[in-house]
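Engineer: This is structure.txt, which holds compact mmCIF, C-alpha atoms:
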```txt
# COMPACT_ATOMS: atom_id res chain seq x y z
CA MET D 1 18.83 73.77 32.33
CA ARG D 2 20.47 75.65 29.47
CA HIS D 3 23.75 74.33 28.12
CA THR D 4 26.05 75.11 25.21
CA LEU D 5 27.71 72.69 22.82
CA THR D 6 30.54 73.99 20.63
CA ILE D 7 30.61 72.59 17.09
CA ASN D 8 33.63 73.67 15.03
CA GLY D 9 33.84 76.91 16.98
CA ARG D 10 30.11 77.63 16.68
CA ALA D 11 27.89 77.64 19.77
CA LEU D 12 24.76 75.48 19.77
CA SER D 13 22.63 76.34 22.79
CA TYR D 14 20.12 73.81 24.07
CA LEU D 15 17.63 73.23 26.86
CA ASP D 16 17.49 69.95 28.75
CA PHE D 17 14.24 69.91 30.69
CA GLY D 18 15.54 66.91 32.64
CA GLY D 19 13.65 64.20 34.45
CA PRO D 20 13.88 60.42 34.59
CA GLY D 21 11.89 59.72 31.44
CA ARG D 22 12.88 58.58 27.99
CA PRO D 23 14.60 61.22 25.83
CA LEU D 24 12.59 63.22 23.32
CA LEU D 25 14.57 65.45 20.96
CA ALA D 26 12.37 68.40 19.98
CA LEU D 27 13.18 70.71 17.04
CA HIS D 28 11.42 74.07 16.94
CA GLY D 29 10.12 75.94 13.93
CA GLY D 30 11.70 78.82 12.05
CA MET D 31 12.07 82.12 13.93
CA SER D 32 11.48 80.23 17.18
CA GLU D 33 13.66 78.62 19.85
CA ALA D 34 13.90 75.74 22.30
CA MET D 35 11.77 77.48 24.94
CA ALA D 36 8.77 76.93 22.67
CA PHE D 37 8.64 73.39 24.10
CA ALA D 38 8.49 74.38 27.78
CA GLY D 39 4.73 73.75 27.85
CA LEU D 40 5.13 70.36 26.18
CA ALA D 41 7.81 69.35 28.69
CA ASP D 42 5.44 70.27 31.53
CA ALA D 43 2.57 68.37 29.94
CA LEU D 44 4.61 65.21 29.42
CA GLY D 45 5.85 65.25 33.00
CA ASP D 46 8.34 62.64 34.19
CA ALA D 47 7.55 60.22 31.37
CA TRP D 48 9.76 62.05 28.92
CA ARG D 49 12.98 64.07 29.15
CA VAL D 50 12.57 66.82 26.56
CA ILE D 51 15.82 68.04 25.00
CA ALA D 52 15.48 71.00 22.64
CA PRO D 53 18.24 72.91 20.85
CA ASP D 54 18.08 76.47 19.69
CA GLN D 55 18.73 75.39 16.11
CA ARG D 56 21.51 77.10 14.18
CA GLY D 57 20.89 80.81 13.76
CA HIS D 58 18.07 80.83 16.32
CA GLY D 59 17.81 81.94 19.93
CA ASP D 60 21.13 81.79 21.76
CA SER D 61 22.85 79.65 19.12
CA ASP D 62 25.39 81.22 16.78
CA ARG D 63 24.68 82.01 13.18
CA ALA D 64 25.91 79.45 10.66
CA ALA D 65 27.45 79.53 7.22
CA ASP D 66 24.51 77.66 5.70
CA TYR D 67 20.97 76.57 6.55
CA SER D 68 20.77 73.38 4.55
CA ARG D 69 19.03 70.22 5.72
CA ALA D 70 22.42 68.56 6.05
CA GLY D 71 23.65 71.34 8.33
CA TYR D 72 20.64 71.21 10.61
CA VAL D 73 20.84 67.40 10.77
CA ARG D 74 24.56 67.45 11.61
CA ASP D 75 23.84 69.74 14.56
CA ALA D 76 21.14 67.41 15.89
CA VAL D 77 23.39 64.36 15.57
CA ALA D 78 26.24 66.22 17.28
CA LEU D 79 23.90 67.02 20.17
CA LEU D 80 22.83 63.39 20.51
CA ASP D 81 26.48 62.33 20.49
CA HIS D 82 27.37 65.01 23.04
CA LEU D 83 24.65 63.74 25.38
CA GLY D 84 25.71 60.14 24.92
CA LEU D 85 22.31 59.18 23.51
CA ASP D 86 23.40 56.27 21.37
CA ALA D 87 20.16 54.31 21.64
CA PRO D 88 17.29 55.44 19.38
CA VAL D 89 15.32 58.42 20.70
CA ALA D 90 11.87 59.78 20.00
CA LEU D 91 12.03 62.80 17.68
CA LEU D 92 9.59 65.69 17.30
CA GLY D 93 9.74 68.62 14.95
CA TYR D 94 7.43 71.50 14.11
CA SER D 95 7.44 73.29 10.73
CA LEU D 96 11.12 73.88 9.85
CA GLY D 97 12.02 71.58 12.72
CA GLY D 98 9.59 69.00 11.36
CA LEU D 99 11.35 68.97 8.00
CA ASN D 100 14.70 68.69 9.77
CA ALA D 101 13.32 65.81 11.84
CA VAL D 102 12.13 64.01 8.71
CA HIS D 103 15.59 64.25 7.20
CA LEU D 104 17.28 63.21 10.44
CA ALA D 105 15.09 60.10 10.63
CA ALA D 106 15.84 59.29 6.98
CA ALA D 107 19.61 59.81 7.19
CA HIS D 108 20.08 58.20 10.61
CA PRO D 109 17.27 55.68 11.11
CA HIS D 110 19.24 53.89 13.85
CA ARG D 111 19.09 57.06 15.98
CA VAL D 112 15.30 57.52 15.83
CA SER D 113 12.68 55.28 17.47
CA ALA D 114 9.61 57.36 16.62
CA LEU D 115 8.81 60.55 14.73
CA VAL D 116 6.30 63.33 15.36
CA ASN D 117 5.89 65.72 12.43
CA ALA D 118 3.90 68.81 13.36
CA ASP D 119 2.61 70.51 10.22
CA ALA D 120 5.75 70.15 8.10
CA ALA D 121 5.06 69.63 4.41
CA VAL D 122 7.18 67.53 2.06
CA GLU D 123 6.41 69.58 -1.05
CA ILE D 124 7.68 73.10 -0.47
CA ASN D 125 7.67 75.93 -2.97
CA PRO D 126 7.98 79.30 -1.20
CA GLY D 127 7.11 82.14 -3.55
CA ALA D 128 7.58 85.89 -3.79
CA GLY D 129 4.97 87.98 -2.06
CA ASP D 130 4.24 85.33 0.56
CA TRP D 131 4.41 85.57 4.35
CA THR D 132 8.20 85.95 4.30
CA ASP D 133 7.90 89.51 2.98
CA PHE D 134 7.82 90.91 6.50
CA LEU D 135 11.30 89.46 7.12
CA ARG D 136 12.75 91.73 4.47
CA ALA D 137 11.59 94.79 6.39
CA MET D 138 12.89 93.68 9.78
CA ARG D 139 16.01 95.00 11.49
CA TYR D 140 18.42 92.67 13.29
CA THR D 141 19.47 95.23 15.90
CA ALA D 142 18.20 98.54 17.29
CA PRO D 143 19.08 100.85 20.20
CA THR D 144 15.79 100.08 21.98
CA ARG D 145 13.28 97.23 22.21
CA GLU D 146 10.57 99.56 21.00
CA GLU D 147 12.43 100.42 17.78
CA LEU D 148 13.15 96.77 17.10
CA LEU D 149 9.53 95.74 17.60
CA ALA D 150 8.29 98.65 15.50
CA ALA D 151 10.47 97.49 12.62
CA ALA D 152 9.22 93.92 13.05
CA GLY D 153 5.63 95.00 12.48
CA PRO D 154 2.53 93.21 13.78
CA VAL D 155 3.37 89.86 12.18
CA GLY D 156 7.00 89.83 13.24
CA ALA D 157 6.24 91.06 16.72
CA GLN D 158 4.16 87.98 17.53
CA PHE D 159 7.26 85.86 16.96
CA VAL D 160 9.81 88.00 18.79
CA GLY D 161 8.06 90.15 21.37
CA GLN D 162 9.12 88.03 24.33
CA ALA D 163 12.38 86.78 22.85
CA LEU D 164 14.51 89.85 22.09
CA ARG D 165 18.13 89.60 23.27
CA PRO D 166 20.05 92.47 24.93
CA LEU D 167 23.40 93.28 23.37
CA PRO D 168 26.54 93.45 25.55
CA ASP D 169 27.26 97.07 24.57
CA GLY D 170 23.65 98.19 24.80
CA GLY D 171 20.76 97.91 22.41
CA TRP D 172 18.80 94.82 21.40
CA ARG D 173 18.79 92.15 18.71
CA LEU D 174 16.28 89.75 17.28
CA PRO D 175 16.57 86.07 18.27
CA PHE D 176 17.44 85.40 14.61
CA HIS D 177 18.88 87.31 11.68
CA PRO D 178 16.19 88.05 9.06
CA GLN D 179 18.48 87.13 6.17
CA ASP D 180 19.31 83.81 7.81
CA MET D 181 15.61 83.02 8.02
CA LEU D 182 15.09 83.92 4.36
CA ASP D 183 18.01 81.66 3.47
CA SER D 184 16.57 78.90 5.63
CA VAL D 185 13.17 79.15 3.97
CA GLU D 186 14.73 79.01 0.52
CA ALA D 187 16.82 75.98 1.52
CA CYS D 188 13.58 74.14 2.32
CA ARG D 189 12.41 74.45 -1.28
CA GLY D 190 11.87 71.19 -3.10
CA ASP D 191 10.41 67.70 -2.97
CA HIS D 192 11.13 65.85 0.28
CA TRP D 193 9.03 62.76 -0.36
CA ASP D 194 12.05 60.46 -0.48
CA ALA D 195 13.07 61.51 3.04
CA TRP D 196 9.53 61.14 4.38
CA LEU D 197 9.13 57.67 2.88
CA ALA D 198 12.62 56.48 3.84
CA GLY D 199 11.86 55.94 7.51
CA ASP D 200 9.94 53.01 8.90
CA CYS D 201 9.68 53.96 12.58
CA PRO D 202 6.23 54.75 14.01
CA ALA D 203 5.22 58.27 13.02
CA LEU D 204 2.53 60.81 13.83
CA LEU D 205 1.51 63.66 11.55
CA ILE D 206 -0.16 66.49 13.47
CA HIS D 207 -1.96 68.76 11.05
CA GLY D 208 -3.59 72.14 11.40
CA THR D 209 -6.59 71.58 9.15
CA ARG D 210 -6.58 75.22 8.03
CA SER D 211 -2.82 75.33 7.48
CA THR D 212 -1.66 77.05 4.30
CA SER D 213 1.73 75.40 4.71
CA LEU D 214 0.40 71.84 4.57
CA PRO D 215 -2.65 71.39 2.31
CA GLN D 216 -5.15 68.72 3.29
CA SER D 217 -4.49 66.70 0.15
CA GLN D 218 -0.79 66.54 0.93
CA ALA D 219 -1.40 65.60 4.56
CA ASP D 220 -3.69 62.79 3.42
CA ALA D 221 -1.07 61.52 0.98
CA MET D 222 1.70 61.68 3.58
CA THR D 223 -0.38 59.56 5.94
CA ALA D 224 -1.45 57.04 3.31
CA ARG D 225 1.91 56.57 1.61
CA ARG D 226 4.11 56.10 4.67
CA PRO D 227 3.46 52.82 6.54
CA GLY D 228 3.07 53.13 10.29
CA THR D 229 1.95 56.74 10.16
CA SER D 230 -1.00 57.95 12.22
CA TYR D 231 -2.77 61.26 11.72
CA THR D 232 -4.16 63.76 14.20
CA PRO D 233 -6.01 66.78 12.77
CA LEU D 234 -6.38 69.87 14.92
CA ASP D 235 -8.70 72.73 14.09
CA GLY D 236 -6.32 75.58 13.38
CA ASP D 237 -3.75 77.04 11.03
CA HIS D 238 -0.03 76.36 10.73
CA PHE D 239 0.54 77.78 14.22
CA VAL D 240 -1.79 75.29 15.89
CA PRO D 241 0.84 74.09 18.43
CA PHE D 242 0.65 77.59 19.89
CA THR D 243 -3.01 78.44 19.25
CA ASP D 244 -4.17 75.04 20.57
CA PRO D 245 -1.41 73.96 22.94
CA GLU D 246 -3.74 71.68 24.89
CA GLY D 247 -4.71 69.78 21.74
CA PHE D 248 -1.09 69.62 20.59
CA HIS D 249 0.20 68.35 23.93
CA LYS D 250 -2.59 65.78 24.13
CA ALA D 251 -1.84 64.47 20.63
CA VAL D 252 1.90 64.19 21.32
CA GLY D 253 1.36 62.60 24.72
CA ALA D 254 -1.08 60.00 23.40
CA PHE D 255 1.26 58.98 20.59
CA LEU D 256 4.29 58.73 22.84
CA ALA D 257 2.35 56.75 25.45
CA GLY D 258 1.67 54.10 22.86
CA LEU D 259 5.32 53.45 22.02
```
As a first step, turn the structure in this file into structure tokens.
Structural biologist:
Amino acid sequence: MRHTLTINGRALSYLDFGGPGRPLLALHGGMSEAMAFAGLADALGDAWRVIAPDQRGHGDSDRAADYSRAGYVRDAVALLDHLGLDAPVALLGYSLGGLNAVHLAAAHPHRVSALVNADAAVEINPGAGDWTDFLRAMRYTAPTREELLAAAGPVGAQFVGQALRPLPDGGWRLPFHPQDMLDSVEACRGDHWDAWLAGDCPALLIHGTRSTSLPQSQADAMTARRPGTSYTPLDGDHFVPFTDPEGFHKAVGAFLAGL
């Protein structure tokens, strides 16, 4: 079921996949949305109730004034409060959502019982000429789907092809504003080791072994330096939750089953 929470006049849309199981708050990656976890919710079955927001500026949620870690974390806490989830919940995040999950667990350890980090690094230094270049060429709106997808190009289209939104007065928009995504990427820049090491709940790091976002050496250090952290490598790149959904769902399910 899709619902909307209003935070200071800004809409935060979220999916509650329901069921009798324990709550799992799932935070999607950049340029994605809550529906990315539909397969995971199916795979986990009745054991877990997956709750996934369209994070600020994504999907059906409104754009925000900033895309800082603090802003993303405030939204997640507001959602937990709105749902009355006062007891600690399991928390999962992929990429951007993984970094947000790390900071949520660090800032509010009493709200988090376990953490799954899917390929989110803690040393982030986005540079010019990297994969974000295609965002600068994208259009936010266009009269037709075809024009919007053409502007997105082959890389952008794989993110948005099935997720374009119709506009009330005709035309189409992306499920995110390109500038918001550039701002969000830039806001991730920096050293996040303190946040990663702050938590002491059980944690799982799922790593695409060919990921350019999370080098092997950093993944090894993240696992070794944080007590209570287990490690599951999957053969794939940064997008391994989507290129190997079976492996991803199995890794998440096995970790959660052991809690």
Engineer: Hey, can you pull every residue with an atom no more than 12 Å from (10.4, 97.7, 12.5), using only C-alpha atoms, and send it as JSON, numbers by chain?
Structural biologist: {"D": [134, 135, 136, 137, 138, 139, 140, 141, 142, 144, 145, 146, 147, 148, 149, 150, 151, 152, 153, 154, 155, 156, 157, 160, 161, 173, 174, 178]}
Engineer: Please provide the set of residues having any atom within 7 Å of Pro175 (chain D), restricted to all atoms listed in the file, with same-chain residues fewer than 6 positions apart removed, written as a list in words.
Structural biologist: His58, Gly59, Ala163, Leu164 and Arg165 of chain D
Engineer: Out of D:Phe248, D:Phe239, D:Tyr67, D:Tyr72, which residue has the shortest atom-to-atom distance to Leu182 (chain D) when counting all atoms listed in the file?
Structural biologist: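 Looking at the shortest contact to Leu182 (chain D), the residue is D:Tyr67.
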Engineer: Rank nothing, just name the residue among D:Phe242, D:Ser230, D:Gln179, D:Ala195 nearest to Asp66 (chain D), using only C-alpha atoms.
Structural biologist: D:Gln179
Engineer: Residues at most 7 Å from region 43-54 of chain D, counting all atoms listed in the file, excluding those fewer than 6 positions away in the same chain, as a PyMOL selection string?
Structural biologist: chain D and resi 12-27+33-34+60-61+249+253
Engineer: Show me as JSON, numbers by chain the residues that reach within 7 Å of (8.5, 65.3, 1.5), counting only C-alpha atoms and using the file's own coordinates.
Structural biologist: {"D": [121, 122, 123, 191, 192, 193, 194, 195, 196]}
Engineer: Closest to Ser68 (chain D) among D:Arg189, D:His82, D:His238, D:His207, using all atoms listed in the file?
Structural biologist: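 Checking each candidate against Ser68 (chain D), we get D:Arg189 as the closest.
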Engineer: Skip Asp75 (chain D) itself and residues of its chain fewer than 2 positions away, then list as a PyMOL selection string all residues within 8 Å of it, counting only C-alpha atoms.
Structural biologist: chain D and resi 7+12+55-56+71-73+77-79
Engineer: For a quick check of understanding, using all atoms listed in the file, which of D:Met1, D:Arg225, D:Leu256, D:His177 has the smallest distance to Ala38 (chain D)?
Structural biologist: D:Met1
Engineer: For Cys188 (chain D), find every residue with an atom within 9 Å (counting all atoms listed in the file), except residues of its own chain fewer than 4 positions away, and show them as a list in words.
Structural biologist: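 What passes the distance filter is Tyr67, Ser68, Arg69, Leu96, Leu99, Ile124, Asn125, Pro126, Asp183, Ser184 and His192 of chain D.
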Engineer: Hey, could you pull the box centre and edge lengths for region 217-229 of chain D, axis-aligned, 6 Å padding per side, all listed atoms, to one decimal in Å, as AutoDock Vina command-line options?
Structural biologist:
```
--center_x -0.2 --center_y 59.8 --center_z 5.2 --size_x 20.6 --size_y 25.9 --size_z 22.1
```
Engineer: Using only C-alpha atoms, which residue out of D:Ala106, D:Leu205, D:Ala219, D:Val89 lies closest to Leu259 (chain D)?
Structural biologist: D:Val89
Engineer: Report, in Å to a single decimal, how far apart CA of Gln162 (chain D) and CA of Asp235 (chain D) are.
Structural biologist: 25.6 Å
Engineer: I'd like the neighbourhood of Ala87 (chain D) as a VMD selection string, where a residue qualifies if any of its atoms comes within 10 Å (using only C-alpha atoms), though same-chain residues fewer than 3 positions away should be ignored.
Structural biologist: chain D and resid 23 80 84 110 to 113
Engineer: Report the distance between CA of Asn117 (chain D) and CA of Leu85 (chain D) in Å, rounded to one decimal place.
Structural biologist: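 Atom-to-atom, CA of Asn117 (chain D) and CA of Leu85 (chain D) are spaced 20.9 Å apart.
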Engineer: Measure the distance from CA of Gly98 (chain D) to CA of Met222 (chain D) in Å and round it to one decimal.
Structural biologist: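 Computed distance, CA of Gly98 (chain D) to CA of Met222 (chain D), equals 13.3 Å.
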Engineer: Go through D:Leu83, D:Thr243, D:Gly199, D:Glu186 one by one, measure the shortest atom-to-atom distance of each to Arg226 (chain D) using all atoms listed in the file, and give the residue with the smallest value.
Structural biologist: D:Gly199
Engineer: Could you please fill out region 86-100 of chain D with N, CA and C atoms and send it back as a CSV table (one decimal), keeping the file's coordinate frame?
Structural biologist:
```csv
chain,number,residue,atom,x,y,z
D,86,ASP,N,23.1,57.2,22.5
D,86,ASP,CA,23.4,56.3,21.4
D,86,ASP,C,22.2,55.4,21.0
D,87,ALA,N,21.4,55.1,21.9
D,87,ALA,CA,20.2,54.3,21.6
D,87,ALA,C,19.2,55.2,20.9
D,88,PRO,N,18.3,54.6,20.1
D,88,PRO,CA,17.3,55.4,19.4
D,88,PRO,C,16.4,56.3,20.3
D,89,VAL,N,16.1,57.5,19.9
D,89,VAL,CA,15.3,58.4,20.7
D,89,VAL,C,14.1,58.8,19.9
D,90,ALA,N,13.0,59.2,20.6
D,90,ALA,CA,11.9,59.8,20.0
D,90,ALA,C,12.2,61.2,19.5
D,91,LEU,N,11.7,61.6,18.4
D,91,LEU,CA,12.0,62.8,17.7
D,91,LEU,C,10.8,63.6,17.3
D,92,LEU,N,10.7,64.8,17.6
D,92,LEU,CA,9.6,65.7,17.3
D,92,LEU,C,10.1,66.9,16.6
D,93,GLY,N,9.4,67.4,15.6
D,93,GLY,CA,9.7,68.6,15.0
D,93,GLY,C,8.5,69.3,14.5
D,94,TYR,N,8.5,70.7,14.6
D,94,TYR,CA,7.4,71.5,14.1
D,94,TYR,C,7.9,72.4,13.0
D,95,SER,N,7.2,72.4,11.9
D,95,SER,CA,7.4,73.3,10.7
D,95,SER,C,8.9,73.1,10.2
D,96,LEU,N,9.7,74.1,10.2
D,96,LEU,CA,11.1,73.9,9.8
D,96,LEU,C,11.7,72.7,10.6
D,97,GLY,N,11.5,72.7,11.9
D,97,GLY,CA,12.0,71.6,12.7
D,97,GLY,C,11.4,70.2,12.3
D,98,GLY,N,10.2,70.2,11.8
D,98,GLY,CA,9.6,69.0,11.4
D,98,GLY,C,10.3,68.5,10.1
D,99,LEU,N,10.6,69.4,9.2
D,99,LEU,CA,11.4,69.0,8.0
D,99,LEU,C,12.7,68.5,8.4
D,100,ASN,N,13.4,69.2,9.3
D,100,ASN,CA,14.7,68.7,9.8
D,100,ASN,C,14.6,67.3,10.4
```
